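Heads up: the structure comes next, in structure tokens.
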Amino acid sequence: MLAGDWSADLGGGTHVSLVQAGTFRSDAGALFGPVPRILWDRLVTDEIDQEHRLLQALNCLVVETPAGRVLIETGIGERVTDKVREMRRYEGRPIVAAMEAGGFEPGTVDLVVMSHLHFDHAGGLLRADGAKAFPRARIVAQRAEWEIALDDNSRIVASYDQPELRLVHEWGTEGAVDGERELLPGVSVIRTGGHSKGHQAIVVRGTNQALAFFGDLGMRPWSANPRWITAFDDFPLDSVEVKGELFARAAAEQWLVTLSHEPVTPVGRLTPDRDRFRFDPV
Ligand SMILES: [Zn+2]
């Protein structure tokens, strides 16, 4: 079961809506990384399949502010072969169709912000025919992420869809940023590294409430423990450290948090819990 539409008014004319751009499946052991199976097994009994994979939603956010409209993440998109679709068990509406079903016109997006450039976050920039999915948008990822994404290290080659990224490289790098930056009043990115070299978090502040999207540092409810990181994290010590810092801020300031791949309870808040945090869905 997938979460229904969710949206929130953050105050001051800033409104956030969750748009799920389909689902796919990933190996459970890889998602839990260093965590022993005996600790996570019972958390996923309902969703694990015969191939030991978990159901991963492709959670995207549309942020409407008085200064412009922002899309956070683009999912896997339309440009996948039947073979890849089957291999990843990719199902549901890609981002453009999902936005349209939610009443949002992709042509009105001013900024597309991605936490990082892995295939399941940057796959939706182009339509099936190769046209820009968000023709007037500036693309915002970290410059360091564009640099590492096209590296020739074989692990990097396996993590990114490099032929697709080359097609959007010029469009994407025009809008690249370094470090922490306010993109529009109330919409900021913070470089985190960890999961990938140029991974970034996105924080949206209205007059009443703030909301954070921690990308794949906050994938699922159990990600609230800074030490529960995936085997896909290229810089695990950085992930643990930055999660501890950002989650402490999110808990202290009562930010809403949207998880990147949680299918059922994607929005909640973080609460300190012993030497970790707990994710409480709203
Ligand atoms: Zn991901």
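Identifiers in this document derive from the order of the structure tokens: chains are assigned A, B, ..., residues are numbered from 1 separately in each chain, and ligands are numbered from 1 in order of occurrence.
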Grab me every residue within 7 Å of ligand 1, counting only C-alpha atoms and all ligand atoms, and send it over as a ChimeraX atom specification. /A:118,120-121,216,260-261
Residue list (alpha helix (DSSP H), DSSP) for region 145-185 of chain A, as number ranges by chain: A: 145-149, 154-159, 162-167, 169-174
Where does DSSP see strand (DSSP E) in region 6-120 of chain A, if you list the residues as a PyMOL selection string? chain A and resi 6-11+14-27+53-65+68-72+111-113
Could you make a table, as CSV, of the residues of region 209-234 of chain A that have an atom within 12 Å of an atom of region 13-24 of chain A, each with its nearest atom pair and distance in Å to one decimal, counting only C-alpha atoms, in chain and number order?
residue,atom,partner,partner_atom,distance
A:Gln209,CA,A:Thr14,CA,9.6
A:Ala210,CA,A:Thr14,CA,10.0
A:Leu211,CA,A:Val16,CA,8.6
A:Ala212,CA,A:Val16,CA,10.9
A:Phe213,CA,A:Leu18,CA,11.2
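Residues within 7 Å of Leu71 (chain A), counting only C-alpha atoms and excluding same-chain residues fewer than 4 positions away, are Leu61, Val62, Val63, Val109, Leu111, Val112 and Val113 of chain A.
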Selected residue of minimal separation from Trp228 (chain A) among A:Trp6, A:Phe277, A:Phe119, A:Phe214, counting only C-alpha atoms: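 Closest to Trp228 (chain A) of all the choices is A:Phe277.
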How close does region 151-221 of chain A get to region 27-46 of chain A? List, as a Markdown table, each residue of region 151-221 of chain A within 10 Å, its nearest atom pair and the distance in Å to one decimal, counting only C-alpha atoms.
| residue | atom | partner | partner_atom | distance |
| --- | --- | --- | --- | --- |
| A:Met219 | CA | A:Leu31 | CA | 9.2 |
| A:Arg220 | CA | A:Leu31 | CA | 9.6 |
| A:Pro221 | CA | A:Leu43 | CA | 9.9 |
Report as a Markdown table the residues of region 7-116 of chain A within 10 Å of region 178-201 of chain A, each with its shortest atom pair and distance in Å (one decimal), using only C-alpha atoms, ordered by chain and increasing residue number.
| residue | atom | partner | partner_atom | distance |
| --- | --- | --- | --- | --- |
| A:Gly12 | CA | A:Gly186 | CA | 9.8 |
| A:Thr14 | CA | A:Gly186 | CA | 8.5 |
| A:Val63 | CA | A:Val187 | CA | 8.8 |
| A:Thr65 | CA | A:Gly186 | CA | 8.2 |
| A:Pro66 | CA | A:Pro185 | CA | 8.7 |
| A:Ala67 | CA | A:Leu184 | CA | 6.5 |
| A:Gly68 | CA | A:Leu184 | CA | 7.5 |
| A:Arg69 | CA | A:Leu184 | CA | 9.5 |
| A:Val70 | CA | A:Val187 | CA | 8.7 |
| A:Leu111 | CA | A:Leu183 | CA | 8.6 |
| A:Val113 | CA | A:Val189 | CA | 8.5 |
| A:Met114 | CA | A:Gln200 | CA | 7.8 |
| A:Ser115 | CA | A:Gln200 | CA | 4.8 |
| A:His116 | CA | A:His199 | CA | 4.9 |
Thr265 (chain A) environment, 12 Å, only C-alpha atoms, sequence neighbours closer than 5 positions dropped, as number ranges by chain: A: 1-6, 18, 56-57, 59, 219-222, 257-260, 279-282
Proximity to Gly107 (chain A) - best of A:Gly77, A:Pro94, A:Pro135, A:Gly123, only C-alpha atoms: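 Distance minimum relative to Gly107 (chain A) lands on A:Pro135.
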Could you give me, as an MDAnalysis selection string, the residues within 12 Å of Arg249 (chain A), counting only C-alpha atoms and dropping anything in the same chain fewer than 2 positions from it? chainID A and resid 203 210:212 242:247 251:257 269:272 277
Shell around region 78-89 of chain A at 12 Å using only C-alpha atoms, local window under 6 positions removed, as a PyMOL selection string: chain A and resi 21-27+49+51+53-57+95-98+119-120+122-133+161+163-165+167
Can you work out which one of A:Pro236, A:Gly215, A:Gly11, A:Gly268 has the shortest atom-to-atom distance to Glu64 (chain A), counting only C-alpha atoms?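 When distances to Glu64 (chain A) are compared using only C-alpha atoms, the smallest one comes from A:Gly11.
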